[in-house]
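Printed here is run08.cif (mmCIF, C-alpha atoms and all ligand atoms):
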```
data_my_file
loop_
_atom_site.label_atom_id
_atom_site.label_comp_id
_atom_site.auth_asym_id
_atom_site.auth_seq_id
_atom_site.Cartn_x
_atom_site.Cartn_y
_atom_site.Cartn_z
CA MET P 1 97.39 109.99 80.53
CA ASP P 2 98.71 106.51 79.78
CA VAL P 3 97.30 103.51 81.59
CA VAL P 4 99.80 100.68 81.54
CA THR P 5 99.18 97.17 82.80
CA ASP P 6 102.20 95.38 81.35
CA PRO P 7 105.37 95.69 83.50
CA VAL P 8 107.61 95.37 80.42
CA ARG P 9 105.78 98.25 78.71
CA MET P 10 106.05 100.32 81.90
CA GLN P 11 109.82 99.87 81.93
CA GLU P 12 110.12 100.70 78.22
CA LEU P 13 108.12 103.92 78.69
CA ALA P 14 110.21 104.87 81.73
CA LEU P 15 113.48 104.25 79.93
CA GLU P 16 112.30 106.28 76.92
CA GLY P 17 111.51 109.21 79.26
CA ARG P 18 114.90 108.84 80.91
CA ARG P 19 116.66 108.90 77.51
CA ARG P 20 114.81 112.14 76.70
CA GLY P 21 116.20 113.56 79.95
CA GLU P 22 112.80 113.93 81.60
CA LYS P 23 112.54 113.92 85.39
CA SER P 24 110.05 111.50 86.83
CA ALA P 25 108.43 110.89 90.20
CA LEU P 26 106.73 107.71 91.38
CA VAL P 27 103.77 107.61 93.75
CA PRO P 28 103.29 103.97 94.77
CA THR P 29 99.75 103.14 95.96
CA MET P 30 97.40 100.21 96.35
CA GLY P 31 94.59 102.19 94.71
CA PHE P 32 91.24 103.29 96.21
CA LEU P 33 92.69 106.77 96.13
CA HIS P 34 91.84 109.42 98.70
CA GLU P 35 93.05 112.94 99.49
CA GLY P 36 96.15 111.51 101.17
CA HIS P 37 97.27 109.89 97.90
CA LEU P 38 96.34 112.99 95.92
CA SER P 39 98.50 115.13 98.20
CA LEU P 40 101.42 112.83 97.30
CA VAL P 41 100.64 113.28 93.61
CA ARG P 42 100.67 117.06 94.08
CA LEU P 43 104.05 116.87 95.81
CA ALA P 44 105.33 114.72 92.95
CA LYS P 45 104.08 117.23 90.38
CA GLU P 46 105.96 120.06 92.09
CA ARG P 47 109.17 118.09 91.71
CA ALA P 48 108.99 116.29 88.37
CA GLU P 49 107.51 116.65 84.91
CA ASN P 50 106.39 113.01 84.68
CA VAL P 51 104.34 111.54 87.51
CA VAL P 52 103.80 107.79 87.53
CA LEU P 53 101.18 106.52 89.96
CA SER P 54 101.29 102.80 90.54
CA SER P 55 98.14 101.11 91.74
CA PHE P 56 98.71 97.52 92.76
CA VAL P 57 97.24 95.59 95.67
CA ASN P 58 100.36 93.60 96.30
CA PRO P 59 99.47 90.10 97.54
CA ALA P 60 103.02 89.54 98.81
CA GLN P 61 102.59 92.04 101.64
CA PHE P 62 99.46 90.42 103.10
CA GLY P 63 99.67 87.51 105.55
CA PRO P 64 97.29 84.55 105.15
CA GLN P 65 94.84 85.87 107.79
CA GLU P 66 94.90 89.46 106.54
CA ASP P 67 92.49 91.52 104.46
CA LEU P 68 93.76 91.02 100.88
CA ASP P 69 90.31 89.90 99.66
CA ARG P 70 88.57 92.77 101.42
CA TYR P 71 90.99 95.50 100.40
CA PRO P 72 88.79 98.19 98.76
CA ARG P 73 89.13 98.82 95.02
CA SER P 74 87.74 101.49 92.67
CA VAL P 75 89.60 101.44 89.35
CA GLU P 76 87.30 103.79 87.38
CA ARG P 77 87.22 106.45 90.08
CA ASP P 78 90.99 106.19 90.61
CA LEU P 79 91.59 106.76 86.90
CA GLU P 80 89.33 109.83 86.91
CA LEU P 81 91.16 111.29 89.91
CA CYS P 82 94.54 110.63 88.30
CA GLU P 83 93.40 112.32 85.11
CA GLN P 84 92.17 115.36 87.08
CA GLU P 85 95.46 115.60 88.98
CA GLY P 86 97.55 115.48 85.81
CA VAL P 87 99.23 112.10 86.42
CA SER P 88 101.24 111.11 83.33
CA VAL P 89 101.11 107.32 83.69
CA VAL P 90 98.97 105.03 85.83
CA PHE P 91 100.66 101.67 86.22
CA MET P 92 98.12 98.99 87.18
CA PRO P 93 99.66 95.55 86.76
CA GLU P 94 97.98 92.22 87.51
CA ALA P 95 99.59 90.07 90.22
CA GLY P 96 100.25 87.37 87.61
CA THR P 97 102.37 89.71 85.51
CA MET P 98 104.28 91.19 88.47
CA TYR P 99 105.44 87.88 89.93
CA ALA P 100 106.61 84.81 88.06
CA GLU P 101 104.93 81.66 89.38
CA ASP P 102 108.28 80.39 90.60
CA ALA P 103 109.60 83.78 91.80
CA SER P 104 112.22 83.02 94.44
CA VAL P 105 114.00 86.32 95.15
CA LYS P 106 112.84 88.64 97.93
CA ILE P 107 114.19 91.60 99.82
CA GLU P 108 114.50 91.09 103.57
CA GLU P 109 115.40 93.71 106.14
CA ASN P 110 116.52 92.60 109.54
CA ALA P 111 116.56 95.56 111.90
CA LEU P 112 113.95 98.27 111.34
CA SER P 113 111.29 95.74 110.35
CA ARG P 114 111.41 93.75 113.60
CA GLY P 115 109.01 95.74 115.79
CA LEU P 116 105.88 97.85 115.34
CA CYS P 117 103.86 96.58 112.35
CA GLY P 118 106.60 94.06 111.56
CA GLY P 119 106.00 92.41 114.95
CA SER P 120 102.40 91.54 114.14
CA ARG P 121 102.70 91.28 110.33
CA PRO P 122 105.74 89.02 109.82
CA VAL P 123 105.67 88.83 105.99
CA HIS P 124 104.50 92.38 105.43
CA PHE P 125 107.71 94.35 105.02
CA SER P 126 109.50 91.79 102.94
CA GLY P 127 106.51 91.99 100.58
CA VAL P 128 106.56 95.80 100.62
CA LEU P 129 110.29 96.12 99.99
CA THR P 130 110.26 93.53 97.23
CA VAL P 131 107.40 95.20 95.37
CA VAL P 132 108.80 98.71 95.88
CA ALA P 133 112.18 97.59 94.52
CA LYS P 134 110.38 96.14 91.50
CA LEU P 135 108.37 99.35 91.04
CA PHE P 136 111.60 101.37 91.20
CA LEU P 137 113.14 99.21 88.49
CA LEU P 138 110.02 99.33 86.32
CA ALA P 139 109.21 103.04 86.68
CA GLN P 140 112.84 104.26 86.89
CA PRO P 141 111.90 107.36 88.92
CA ASP P 142 114.27 110.11 90.05
CA LEU P 143 112.21 110.44 93.20
CA ALA P 144 109.44 108.55 94.95
CA ILE P 145 106.90 109.87 97.42
CA PHE P 146 105.73 107.91 100.49
CA GLY P 147 103.22 109.02 103.12
CA GLU P 148 104.30 109.57 106.71
CA LYS P 149 101.30 107.64 108.04
CA ASP P 150 103.25 104.49 107.22
CA ALA P 151 106.15 105.69 109.33
CA GLN P 152 107.92 102.34 109.56
CA GLN P 153 107.49 101.68 105.84
CA LEU P 154 109.02 105.08 105.02
CA ARG P 155 112.08 104.37 107.17
CA LEU P 156 112.48 100.88 105.70
CA ILE P 157 112.34 102.21 102.17
CA ARG P 158 114.96 104.82 102.97
CA ARG P 159 117.12 102.07 104.43
CA MET P 160 116.65 99.89 101.33
CA VAL P 161 117.56 102.81 99.07
CA ARG P 162 120.67 103.44 101.15
CA ASP P 163 121.74 99.81 101.47
CA LEU P 164 121.07 98.81 97.86
CA ASN P 165 122.20 102.12 96.29
CA PHE P 166 119.02 102.95 94.44
CA PRO P 167 119.65 106.34 92.76
CA ILE P 168 116.25 107.59 93.95
CA GLU P 169 115.34 110.40 96.33
CA ILE P 170 112.70 109.41 98.86
CA VAL P 171 110.34 112.28 99.63
CA PRO P 172 107.98 112.05 102.64
CA GLY P 173 104.40 113.32 102.36
CA PRO P 174 102.66 114.63 105.51
CA ILE P 175 99.71 112.69 106.94
CA VAL P 176 96.37 113.94 105.62
CA ARG P 177 93.49 113.70 108.09
CA GLU P 178 89.70 113.68 108.05
CA ALA P 179 87.99 116.68 109.68
CA ASP P 180 87.88 114.88 113.05
CA GLY P 181 91.57 113.94 112.87
CA LEU P 182 91.40 110.31 111.69
CA ALA P 183 94.35 109.67 109.37
CA MET P 184 93.11 109.01 105.84
CA SER P 185 93.44 105.40 104.77
CA SER P 186 91.77 103.30 102.10
CA ARG P 187 90.89 100.86 104.88
CA ASN P 188 88.72 103.48 106.65
CA SER P 189 85.99 102.69 104.12
CA ASN P 190 85.69 99.17 105.58
CA LEU P 191 84.82 100.48 109.06
CA SER P 192 81.24 100.19 110.31
CA VAL P 193 79.55 103.41 111.49
CA GLU P 194 80.31 102.50 115.13
CA GLU P 195 83.92 101.61 114.36
CA ARG P 196 84.38 104.85 112.43
CA ALA P 197 83.09 106.85 115.39
CA GLN P 198 85.53 105.08 117.73
CA ALA P 199 88.49 105.19 115.32
CA ILE P 200 89.21 108.77 116.34
CA VAL P 201 90.81 107.43 119.54
CA LEU P 202 94.05 106.78 117.68
CA ARG P 203 94.54 110.47 116.97
CA ARG P 204 93.07 111.61 120.30
CA SER P 205 95.40 109.41 122.31
CA LEU P 206 98.45 110.62 120.38
CA LEU P 207 97.41 114.25 120.83
CA ALA P 208 97.09 113.61 124.56
CA VAL P 209 100.64 112.20 124.51
CA GLU P 210 101.86 115.28 122.66
CA LYS P 211 100.21 117.53 125.24
CA ALA P 212 101.74 115.64 128.16
CA VAL P 213 105.19 115.78 126.53
CA ALA P 214 104.78 119.52 125.93
CA LYS P 215 104.13 119.86 129.67
CA GLY P 216 107.39 118.06 130.40
CA GLU P 217 106.37 114.40 130.77
CA ARG P 218 109.20 112.10 129.62
CA ARG P 219 108.29 108.76 131.20
CA VAL P 220 107.12 106.30 128.56
CA GLU P 221 105.19 104.34 131.19
CA ILE P 222 103.02 107.39 131.93
CA LEU P 223 102.59 108.16 128.22
CA ARG P 224 101.47 104.56 127.67
CA ASP P 225 98.84 104.93 130.41
CA ILE P 226 97.51 108.04 128.71
CA VAL P 227 97.00 106.12 125.47
CA THR P 228 95.44 103.16 127.25
CA GLN P 229 92.92 105.41 128.99
CA HIS P 230 91.85 106.89 125.66
CA LEU P 231 91.60 103.49 124.02
CA ALA P 232 89.12 102.42 126.68
CA GLU P 233 86.70 104.78 124.92
CA ALA P 234 86.85 102.53 121.84
CA PRO P 235 85.67 99.11 123.01
CA LEU P 236 85.46 97.83 119.41
CA GLY P 237 89.18 98.41 118.94
CA GLN P 238 91.88 96.10 120.22
CA LEU P 239 95.35 97.52 120.67
CA ASP P 240 97.77 95.65 118.42
CA TYR P 241 100.84 97.60 119.52
CA LEU P 242 101.84 100.90 121.03
CA SER P 243 105.53 101.70 120.67
CA PHE P 244 107.77 104.55 121.68
CA VAL P 245 110.89 104.23 119.57
CA ASP P 246 113.88 106.19 118.35
CA ASP P 247 112.67 108.13 115.32
CA GLU P 248 115.48 106.91 113.11
CA THR P 249 116.51 103.45 114.30
CA LEU P 250 113.04 102.44 115.58
CA ALA P 251 114.76 100.95 118.64
CA PRO P 252 112.44 100.98 121.68
CA ILE P 253 113.11 103.73 124.21
CA GLU P 254 112.48 103.67 127.94
CA ASP P 255 112.06 107.38 128.53
CA LEU P 256 112.13 110.27 126.11
CA GLY P 257 115.48 112.03 125.89
CA ASP P 258 116.93 114.66 123.58
CA GLN P 259 116.62 112.57 120.43
CA PRO P 260 113.49 112.71 118.27
CA ALA P 261 111.16 109.83 119.09
CA LEU P 262 108.25 108.23 117.32
CA ALA P 263 105.06 107.19 119.08
CA ALA P 264 103.25 104.69 116.88
CA LEU P 265 100.23 102.48 117.39
CA ALA P 266 97.98 100.04 115.56
CA VAL P 267 94.43 99.25 116.60
CA GLN P 268 92.52 96.29 115.22
CA PHE P 269 88.82 96.96 114.69
CA PRO P 270 86.56 94.12 113.53
CA ASN P 271 86.62 95.42 109.92
CA ALA P 272 89.99 97.17 109.62
CA ARG P 273 93.34 97.52 111.29
CA LEU P 274 94.30 101.18 111.62
CA ILE P 275 97.66 102.82 112.32
CA ASP P 276 98.78 106.30 113.30
CA ASN P 277 101.90 107.94 114.67
CA LEU P 278 103.38 111.10 116.06
CA THR P 279 106.92 112.41 115.95
CA LEU P 280 108.11 113.80 119.27
CA ASP P 281 110.87 116.25 118.50
CA PHE P 282 112.44 118.43 121.15
O1 LIG P 301 101.80 102.08 101.26
C1 LIG P 301 101.29 101.35 100.39
O2 LIG P 301 100.21 101.62 99.86
C2 LIG P 301 102.01 100.08 99.97
O3 LIG P 301 102.64 99.48 101.05
C3 LIG P 301 102.99 100.30 98.80
C4 LIG P 301 104.12 101.22 99.19
C5 LIG P 301 102.24 100.87 97.61
C6 LIG P 301 103.61 98.96 98.38
O4 LIG P 301 102.65 98.05 97.97
#
```

What do you get writing this file as structure tokens?
Amino acid sequence: MDVVTDPVRMQELALEGRRRGEKSALVPTMGFLHEGHLSLVRLAKERAENVVLSSFVNPAQFGPQEDLDRYPRSVERDLELCEQEGVSVVFMPEAGTMYAEDASVKIEENALSRGLCGGSRPVHFSGVLTVVAKLFLLAQPDLAIFGEKDAQQLRLIRRMVRDLNFPIEIVPGPIVREADGLAMSSRNSNLSVEERAQAIVLRRSLLAVEKAVAKGERRVEILRDIVTQHLAEAPLGQLDYLSFVDDETLAPIEDLGDQPALAALAVQFPNARLIDNLTLDF
């Protein structure tokens, strides 16, 4: 397994692999790997001979009041896990080598990024898209795997690939959950014991929505009430947003219709902001 820190070296290696006709898959991460990330690596391995895992806590996607300094890190353990999973290259650049001091080009998206997480994290998606575009150019993958927990991110990346003609297939990876249903996230490790116990309300409230929809409920107002009732069981969590949107365009919907919808929410706990979502397909 190669561990590469220099972006120029990463691109050289990727181009060499491409010239040899090898197929490669990229798994972009911010490190502190968990089973969710490893499931993406396994998907990548099924599809490509070379798997590049990037591990970079990208400062450009954190707002000034956000948790960049507290984002968990575990380089040694991550490297061990990558080795065990048969990753070919781990790309771990330093922020100083990824961005020139006077970097002045960014990728902006102006439709899908407006609501949900984009509503409360204004710089976030521009930072994500810019770094993902850079990772695509450095790692030159044929395909890239993104987890469905970050539902809005996944749709934005697909849109970027479409709009900017990246010759890269975007492959979604299903959400991986803890035994009690909490979606795996590196940020879970920052939760206190009490917060962790209450964090299960995200999943519980979405399951209650799914149940109501299965029984025929279509009114978003009623579905919202169901979530709010569940969230009352987690007094340490503050609802950041709860959105019912079209699954593709992310446009808000009044009542569920025939089109697939996405129910997504973010809850701010004192030590971590958590997200989860559910696709409602009829
Ligand atoms: O989902 C993440 O971990 C990050 O947003 C990503 C895609 C690695 C970009 O920094």

What are the closest atom pairs, with distances in Å to one decimal, for all residues of chain P lying within 6 Å of ligand LIG 301 (chain P)? Consider all atoms listed in the file, order rows by chain and residue number, and present the result as a tab-separated table.
```
residue	atom	partner	partner_atom	distance
P:Pro28	CA	P:LIG301	C5	4.3
P:Thr29	CA	P:LIG301	C5	3.8
P:Met30	CA	P:LIG301	O2	4.7
P:Asn58	CA	P:LIG301	O4	5.3
P:Val128	CA	P:LIG301	C6	4.9
P:Val132	CA	P:LIG301	C6	5.8
```

Contact residues around Ser186 (chain P) with only C-alpha atoms at 10 Å, ignoring same-chain residues under 5 positions, as a ChimeraX atom specification: /P:30-34,36-37,71-73,272

Box in all listed atoms of region 8-20 of chain P, axis-aligned, with 3 Å more on each side; write out centre and edge lengths in Å to one decimal as lines of an AutoDock Vina configuration file.
```
center_x = 111.2
center_y = 103.8
center_z = 79.3
size_x = 16.9
size_y = 22.8
size_z = 11.2
```

Exercise: Gln153 (chain P) partners within 9 Å, all atoms listed in the file, chain neighbours under 5 positions left out, as a PyMOL selection string: chain P and resi 113+125+128-129+146-148+158

Shortest interatomic distance to Val57 (chain P) - which of P:Ala208, P:Val245, P:Met98, P:Val87, counting all atoms listed in the file: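 Of all the options, P:Met98 lies closest to Val57 (chain P).
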
Selected residue of minimal separation from Leu156 (chain P) among P:Leu250, P:Leu79, P:Leu135, P:Leu206, counting all atoms listed in the file: P:Leu250
